[in-house]
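Structure file structure39.txt (compact mmCIF, C-alpha atoms) follows.
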```txt
# COMPACT_ATOMS: atom_id res chain seq x y z
CA MET O 27 -17.98 8.45 21.08
CA GLU O 28 -18.43 11.17 18.50
CA LEU O 29 -17.31 10.04 15.05
CA THR O 30 -16.09 13.11 13.15
CA VAL O 31 -14.88 13.54 9.58
CA SER O 32 -11.38 14.09 10.95
CA LYS O 33 -11.42 10.78 12.85
CA GLU O 34 -12.67 8.96 9.76
CA ASP O 35 -9.89 10.50 7.67
CA TYR O 36 -7.23 9.39 10.15
CA LEU O 37 -8.58 5.85 10.36
CA LYS O 38 -8.74 5.56 6.57
CA ALA O 39 -5.21 6.94 6.18
CA ILE O 40 -3.86 4.42 8.72
CA ALA O 41 -5.62 1.57 6.92
CA GLU O 42 -4.45 2.66 3.46
CA ALA O 43 -0.85 3.29 4.51
CA GLY O 44 -0.73 -0.11 6.19
CA ALA O 45 -2.05 -1.72 3.00
CA GLU O 46 0.82 -0.26 0.94
CA GLU O 47 3.73 -2.16 2.49
CA GLU O 48 5.08 0.71 4.57
CA PRO O 49 5.47 1.02 8.36
CA VAL O 50 2.67 3.10 9.83
CA ILE O 51 4.02 5.61 12.32
CA ALA O 52 2.98 9.17 13.15
CA ALA O 53 5.16 10.63 10.39
CA THR O 54 3.52 8.31 7.83
CA VAL O 55 0.04 9.43 8.83
CA GLY O 56 1.10 13.08 8.72
CA ARG O 57 2.50 12.62 5.21
CA TRP O 58 -0.64 10.86 3.94
CA LEU O 59 -2.94 13.55 5.30
CA GLY O 60 -0.66 16.55 4.85
CA VAL O 61 -0.90 17.62 8.50
CA THR O 62 1.66 18.69 11.11
CA PRO O 63 3.25 16.38 13.74
CA PRO O 64 1.40 18.14 16.63
CA ALA O 65 -1.92 17.60 14.82
CA VAL O 66 -1.15 13.88 14.39
CA THR O 67 -0.16 13.54 18.05
CA LEU O 68 -3.43 15.11 19.20
CA ALA O 69 -5.50 13.01 16.81
CA LEU O 70 -3.82 9.77 17.90
CA ARG O 71 -4.45 10.63 21.55
CA ARG O 72 -8.15 10.96 20.80
CA LEU O 73 -8.26 7.79 18.71
CA ARG O 74 -6.53 5.82 21.47
CA ARG O 75 -8.97 7.24 24.01
CA ASP O 76 -11.85 6.03 21.83
CA LYS O 77 -10.19 2.61 21.47
CA LEU O 78 -9.94 2.93 17.69
CA VAL O 79 -6.14 2.54 17.33
CA TYR O 80 -3.21 0.84 19.04
CA VAL O 81 0.23 2.47 19.30
CA ASP O 82 3.05 0.11 20.27
CA ARG O 83 6.28 0.91 22.12
CA LYS O 84 8.11 1.69 18.89
CA GLY O 85 5.41 4.06 17.66
CA GLY O 86 3.80 1.62 15.25
CA ILE O 87 0.13 2.39 14.68
CA SER O 88 -2.57 -0.18 13.95
CA LEU O 89 -6.34 -0.22 14.01
CA THR O 90 -8.46 -1.93 16.64
CA PRO O 91 -11.37 -4.05 15.37
CA ALA O 92 -13.67 -1.06 15.93
CA GLY O 93 -11.31 1.25 14.04
CA ARG O 94 -10.96 -1.28 11.23
CA ALA O 95 -14.74 -1.55 10.86
CA ILE O 96 -15.06 2.22 10.47
CA SER O 97 -12.20 2.48 7.97
CA ASP O 98 -13.48 -0.48 5.93
CA LYS O 99 -16.91 1.12 5.61
CA LEU O 100 -15.46 4.46 4.56
CA ARG O 101 -13.14 2.81 2.03
CA LEU O 102 -16.10 0.88 0.58
CA ARG O 103 -18.05 4.13 0.15
CA HIS O 104 -15.04 5.80 -1.45
CA HIS O 105 -14.73 2.86 -3.86
CA LEU O 106 -18.42 2.96 -4.77
CA ILE O 107 -18.32 6.72 -5.40
CA GLU O 108 -15.29 6.34 -7.70
CA ARG O 109 -17.12 3.69 -9.70
CA MET O 110 -20.34 5.73 -9.82
CA LEU O 111 -18.52 8.83 -11.05
CA HIS O 112 -16.62 6.95 -13.75
CA GLU O 113 -19.00 4.18 -14.83
CA MET O 114 -22.31 6.03 -14.50
CA LEU O 115 -21.39 9.70 -14.97
CA GLY O 116 -18.37 9.41 -17.27
CA VAL O 117 -15.99 11.48 -15.13
CA GLU O 118 -12.38 11.11 -16.31
CA TRP O 119 -10.67 8.28 -14.46
CA TYR O 120 -7.81 10.41 -13.13
CA LYS O 121 -10.25 12.84 -11.46
CA VAL O 122 -12.51 10.52 -9.50
CA HIS O 123 -10.29 9.89 -6.46
CA GLN O 124 -10.30 13.52 -5.36
CA GLU O 125 -14.03 13.82 -5.98
CA ALA O 126 -14.64 10.68 -3.90
CA GLU O 127 -12.49 12.09 -1.08
CA ARG O 128 -14.91 15.00 -0.85
CA LEU O 129 -18.11 12.96 -1.12
CA GLU O 130 -17.37 9.80 0.89
CA HIS O 131 -18.36 11.28 4.28
CA SER O 132 -21.80 12.32 3.01
CA VAL O 133 -22.99 8.92 1.77
CA SER O 134 -26.05 7.65 3.65
CA GLU O 135 -26.80 4.00 4.41
CA ASP O 136 -29.59 4.16 1.83
CA LEU O 137 -27.36 5.54 -0.93
CA GLU O 138 -24.64 3.01 -0.10
CA ARG O 139 -27.18 0.20 -0.44
CA LYS O 140 -28.46 1.52 -3.77
CA LEU O 141 -24.92 1.88 -5.14
CA ILE O 142 -24.15 -1.71 -4.15
CA GLU O 143 -27.37 -2.84 -5.87
CA LYS O 144 -26.40 -0.95 -9.03
CA LEU O 145 -22.64 -1.61 -9.19
CA GLY O 146 -22.11 -4.67 -6.99
CA ARG O 147 -19.92 -4.83 -3.92
CA LYS O 148 -17.02 -6.28 -5.92
CA GLY O 149 -15.37 -4.93 -9.02
CA PRO O 150 -12.34 -2.73 -9.69
CA CYS O 151 -12.36 1.04 -9.41
CA PRO O 152 -11.07 3.08 -12.40
CA TYR O 153 -7.52 2.58 -11.07
CA GLY O 154 -7.88 -1.20 -11.14
CA ASN O 155 -8.04 -1.60 -7.37
CA GLN O 156 -10.53 -3.79 -5.54
CA VAL O 157 -12.22 -2.45 -2.42
CA ASN O 158 -9.96 -2.52 0.69
CA GLU O 159 -7.24 -4.33 -1.29
CA SER O 160 -3.70 -4.50 0.12
CA ALA O 161 -0.31 -4.82 -1.54
CA ALA O 162 0.07 -8.25 0.05
CA GLU O 163 -3.19 -9.40 -1.57
CA ARG O 164 -2.01 -8.11 -4.96
CA ARG O 165 1.22 -10.08 -4.61
CA ARG O 166 -0.73 -13.24 -3.72
CA LEU O 167 -2.62 -12.77 -7.00
CA GLY O 168 0.68 -12.66 -8.91
CA LEU O 169 0.94 -8.89 -9.29
CA HIS O 170 4.06 -6.84 -8.57
CA PRO O 171 5.20 -3.22 -9.00
CA LEU O 172 6.33 -2.31 -12.51
CA TRP O 173 9.73 -1.29 -11.11
CA GLU O 174 10.40 -4.91 -10.06
CA SER O 175 9.91 -6.29 -13.60
CA PRO O 176 12.94 -7.29 -15.67
CA PRO O 177 13.46 -5.86 -19.16
CA GLY O 178 11.98 -7.76 -22.09
CA VAL O 179 9.04 -9.36 -20.28
CA ALA O 180 5.53 -8.74 -21.64
CA LEU O 181 3.36 -7.15 -18.95
CA ARG O 182 -0.21 -6.06 -18.40
CA ILE O 183 -0.92 -3.00 -16.26
CA GLU O 184 -3.46 -4.03 -13.63
CA SER O 185 -3.75 -1.20 -11.12
CA MET O 186 -2.07 1.90 -9.74
CA HIS O 187 -1.74 4.17 -6.75
CA GLU O 188 -4.60 6.67 -6.89
CA ARG O 189 -3.75 9.46 -4.44
CA ASP O 190 -1.50 11.59 -6.68
CA ARG O 191 -3.65 13.51 -9.19
CA GLN O 192 -0.66 14.98 -11.07
CA LEU O 193 0.91 11.55 -11.48
CA LEU O 194 -2.39 10.10 -12.72
CA GLU O 195 -2.74 12.86 -15.32
CA TYR O 196 0.84 12.15 -16.41
CA PHE O 197 0.01 8.45 -16.76
CA ASP O 198 -3.08 9.35 -18.79
CA LYS O 199 -1.05 11.45 -21.23
CA LEU O 200 1.41 8.56 -21.67
CA GLY O 201 -1.38 6.02 -22.17
CA ILE O 202 -0.59 4.20 -18.93
CA ARG O 203 -3.81 2.86 -17.40
CA PRO O 204 -5.30 -0.47 -16.29
CA GLY O 205 -5.58 -3.00 -19.09
CA VAL O 206 -2.72 -1.60 -21.18
CA ARG O 207 0.09 -3.95 -22.25
CA ALA O 208 3.68 -2.86 -21.69
CA LYS O 209 7.28 -4.03 -21.75
CA ILE O 210 10.38 -2.57 -20.13
CA ILE O 211 12.94 -1.94 -22.84
CA SER O 212 15.82 -0.86 -20.62
CA ARG O 213 16.92 0.36 -17.22
CA ASN O 214 18.78 3.60 -17.72
CA TYR O 215 21.82 5.21 -16.14
CA ASP O 216 19.74 8.11 -14.78
CA GLY O 217 17.58 5.75 -12.70
CA THR O 218 14.61 5.67 -15.08
CA ILE O 219 13.13 2.81 -17.08
CA SER O 220 12.19 2.97 -20.76
CA LEU O 221 8.83 1.41 -21.61
CA HIS O 222 7.24 0.19 -24.80
CA LEU O 223 3.44 0.61 -24.78
CA SER O 224 0.78 0.01 -27.40
CA SER O 225 0.49 3.83 -27.61
CA GLY O 226 4.24 4.40 -28.05
CA SER O 227 7.23 4.73 -25.76
CA ALA O 228 7.59 6.30 -22.31
CA SER O 229 10.14 6.85 -19.57
CA LEU O 230 9.31 6.53 -15.87
CA SER O 231 11.22 7.27 -12.68
CA GLU O 232 11.50 4.66 -9.94
CA THR O 233 8.94 6.51 -7.83
CA ALA O 234 6.37 6.46 -10.64
CA ALA O 235 7.14 2.85 -11.63
CA ARG O 236 6.57 1.71 -8.05
CA ARG O 237 3.06 3.19 -8.21
CA VAL O 238 2.00 0.85 -11.02
CA TRP O 239 1.12 -2.83 -10.46
CA VAL O 240 1.48 -5.31 -13.32
CA SER O 241 1.05 -8.98 -14.16
CA ALA O 242 2.64 -11.17 -16.80
CA ALA O 243 0.91 -10.69 -20.16
CA LEU O 244 0.28 -13.40 -22.73
CA LYS O 245 1.95 -11.35 -25.42
CA ALA O 246 3.85 -8.10 -25.79
CA PRO O 247 2.22 -4.89 -27.08
CA LYS O 248 2.25 -4.41 -30.82
CA ALA O 249 4.76 -1.97 -32.21
CA VAL O 250 3.42 1.37 -33.47
```

As structure tokens:
Amino acid sequence: MELTVSKEDYLKAIAEAGAEEEPVIAATVGRWLGVTPPAVTLALRRLRRDKLVYVDRKGGISLTPAGRAISDKLRLRHHLIERMLHEMLGVEWYKVHQEAERLEHSVSEDLERKLIEKLGRKGPCPYGNQVNESAAERRRLGLHPLWESPPGVALRIESMHERDRQLLEYFDKLGIRPGVRAKIISRNYDGTISLHLSSGSASLSETAARRVWVSAALKAPKAV
């Protein structure tokens, strides 16, 4: 079996989509990778031939143990590159995901080992996510999407979805990042929520608020 960059990308997309509490079907994979339905169909045919994915009768896609092993390794390398770029090189946190997407396929076994020695296998990336972490695991740790929080409760931002560069830059301008304390002030008629942060106030749509994971904080942010 020839393992190409394209196959690795598909396996990682299937793993990441499945970790985010959404059904993984061909349309999901196409949306995550930005490719056409015919391209997804062809790729899935090859992945099934190589025994890297299962596709059930309803079109649900899951990884075989071999496919999972490949995706886990690629996701670990992506995670290590994000941490290297931010912690060692000082690259802005909202930029490192895209850089890691470009570099992850080029990491050798030797470089992976040295990065683990330097950074450790565990530890959050700049977006607060642990390596290969799923939404279900976050919920077991007591985290939940910001959108699900009631008004008036003191919160701590723990992690966020990292694939949307424009959204991450928007969060950065608002002062929304891991470790920041927040509180929902109100749910508004236009479908947004109003937030109080230590850096000031902000308004988020449902889509954006579902991309941020929070936990209960010991105390609310101080007023500015």

When you draw a straight line from CA of Ser97 (chain O) to CA of Val31 (chain O), how long is it in Å?
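Value for the CA of Ser97 (chain O)-CA of Val31 (chain O) distance: 11.5 Å.
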
Kindly indicate which residue among O:His104, O:Arg207, O:Arg164, O:Arg109 lies nearest to Glu47 (chain O), using only C-alpha atoms for the distances.
O:Arg164

Would you compute the distance between CA of Arg83 (chain O) and CA of Ala161 (chain O)? Give it in Å to one decimal.
25.2 Å

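Atom pair CA of Glu188 (chain O) / CA of Glu130 (chain O): separated by 15.3 Å.
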
Polymer residues at most 6 Å from Pro204 (chain O), only C-alpha atoms, same-chain spacing of 2 or more positions, as a ChimeraX atom specification
/O:154,183-185,206

Env of Glu113 (chain O): 9 Å cut, atoms = all atoms listed in the file, seq-sep filter 4 positions within chain, self excluded. Answer as a list in words.
Glu108, Arg109, Val117, Leu145 and Pro152 of chain O

Print the selection's residues with C-alpha atoms to a file, as a PDB file, in the frame of the given file.
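File written: result_12.pdb
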```pdb
ATOM      1  CA  GLU O 108     -15.290   6.340  -7.700  1.00  0.00           C
ATOM      2  CA  ARG O 109     -17.120   3.690  -9.700  1.00  0.00           C
ATOM      3  CA  VAL O 117     -15.990  11.480 -15.130  1.00  0.00           C
ATOM      4  CA  LEU O 145     -22.640  -1.610  -9.190  1.00  0.00           C
ATOM      5  CA  PRO O 152     -11.070   3.080 -12.400  1.00  0.00           C
TER       6      PRO O 152
END
```

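In this comparison, which uses all atoms listed in the file, the residue of O:Arg213, O:Arg139, O:His222, O:Lys38 approaching Glu174 (chain O) most closely is O:Arg213.
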
Using all atoms listed in the file, which of O:Ala69, O:Ala180, O:Leu141, O:Ala235 sits nearest Gly56 (chain O)?
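Result for the nearest residue to Gly56 (chain O): O:Ala69.
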
Could you give me, as a tab-separated table (two decimals) with C-alpha atoms, keeping the file's coordinate frame, the residues that sit within 9 Å of (0.1, 2.5, -24.3) in the file's coordinates, counting all atoms listed in the file?
```tsv
chain	number	residue	atom	x	y	z
O	200	LEU	CA	1.41	8.56	-21.67
O	201	GLY	CA	-1.38	6.02	-22.17
O	202	ILE	CA	-0.59	4.20	-18.93
O	203	ARG	CA	-3.81	2.86	-17.40
O	206	VAL	CA	-2.72	-1.60	-21.18
O	207	ARG	CA	0.09	-3.95	-22.25
O	208	ALA	CA	3.68	-2.86	-21.69
O	222	HIS	CA	7.24	0.19	-24.80
O	223	LEU	CA	3.44	0.61	-24.78
O	224	SER	CA	0.78	0.01	-27.40
O	225	SER	CA	0.49	3.83	-27.61
O	226	GLY	CA	4.24	4.40	-28.05
O	227	SER	CA	7.23	4.73	-25.76
O	228	ALA	CA	7.59	6.30	-22.31
O	247	PRO	CA	2.22	-4.89	-27.08
```

Out of O:Leu100, O:Val157, O:Ile211, O:Ile107, which residue has the shortest atom-to-atom distance to His131 (chain O) when counting only C-alpha atoms?
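Ranking O:Leu100, O:Val157, O:Ile211, O:Ile107 by distance to His131 (chain O), first place goes to O:Leu100.
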
I need the residue nearest Leu106 (chain O) from this list: O:Ile219, O:Leu89, O:Leu29, O:Leu137. Use only C-alpha atoms for the distance.
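Selected residue with least distance to Leu106 (chain O): O:Leu137.
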
Choose the residue, out of O:Leu115, O:Ile96, O:Ala65, O:Leu230, that has the smallest atom-to-atom separation from Gly217 (chain O); count all atoms listed in the file.
O:Leu230

Using all atoms listed in the file, which protein or nucleic acid residues come within 10 Å of Ala234 (chain O)? Drop anything in the same chain fewer than 2 positions from it, and give the result as an mmCIF file with C-alpha atoms, in the frame of the given file.
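Wrote it out as result_0.cif, contents follow:
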```cif
data_model
loop_
_atom_site.group_PDB
_atom_site.id
_atom_site.type_symbol
_atom_site.label_atom_id
_atom_site.label_comp_id
_atom_site.auth_asym_id
_atom_site.auth_seq_id
_atom_site.Cartn_x
_atom_site.Cartn_y
_atom_site.Cartn_z
ATOM 1 C CA PRO O 171 5.200 -3.220 -9.000
ATOM 2 C CA LEU O 172 6.330 -2.310 -12.510
ATOM 3 C CA TRP O 173 9.730 -1.290 -11.110
ATOM 4 C CA MET O 186 -2.070 1.900 -9.740
ATOM 5 C CA HIS O 187 -1.740 4.170 -6.750
ATOM 6 C CA LEU O 193 0.910 11.550 -11.480
ATOM 7 C CA LEU O 194 -2.390 10.100 -12.720
ATOM 8 C CA TYR O 196 0.840 12.150 -16.410
ATOM 9 C CA PHE O 197 0.010 8.450 -16.760
ATOM 10 C CA THR O 218 14.610 5.670 -15.080
ATOM 11 C CA SER O 229 10.140 6.850 -19.570
ATOM 12 C CA LEU O 230 9.310 6.530 -15.870
ATOM 13 C CA SER O 231 11.220 7.270 -12.680
ATOM 14 C CA GLU O 232 11.500 4.660 -9.940
ATOM 15 C CA ARG O 236 6.570 1.710 -8.050
ATOM 16 C CA ARG O 237 3.060 3.190 -8.210
ATOM 17 C CA VAL O 238 2.000 0.850 -11.020
#
```

Which residues are close to Met110 (chain O), i.e. within 12 Å by all atoms listed in the file, leaving aside same-chain residues fewer than 6 positions away? Reply as a list in words.
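Close residues of Met110 (chain O): Arg103, His104, Gly116, Val117, Glu118, Trp119, Val122, His123, Glu125, Ala126, Leu129, Glu130, Leu137, Glu138, Lys140, Leu141, Ile142, Glu143, Lys144, Leu145, Gly146, Gly149, Pro150, Cys151 and Pro152 of chain O.
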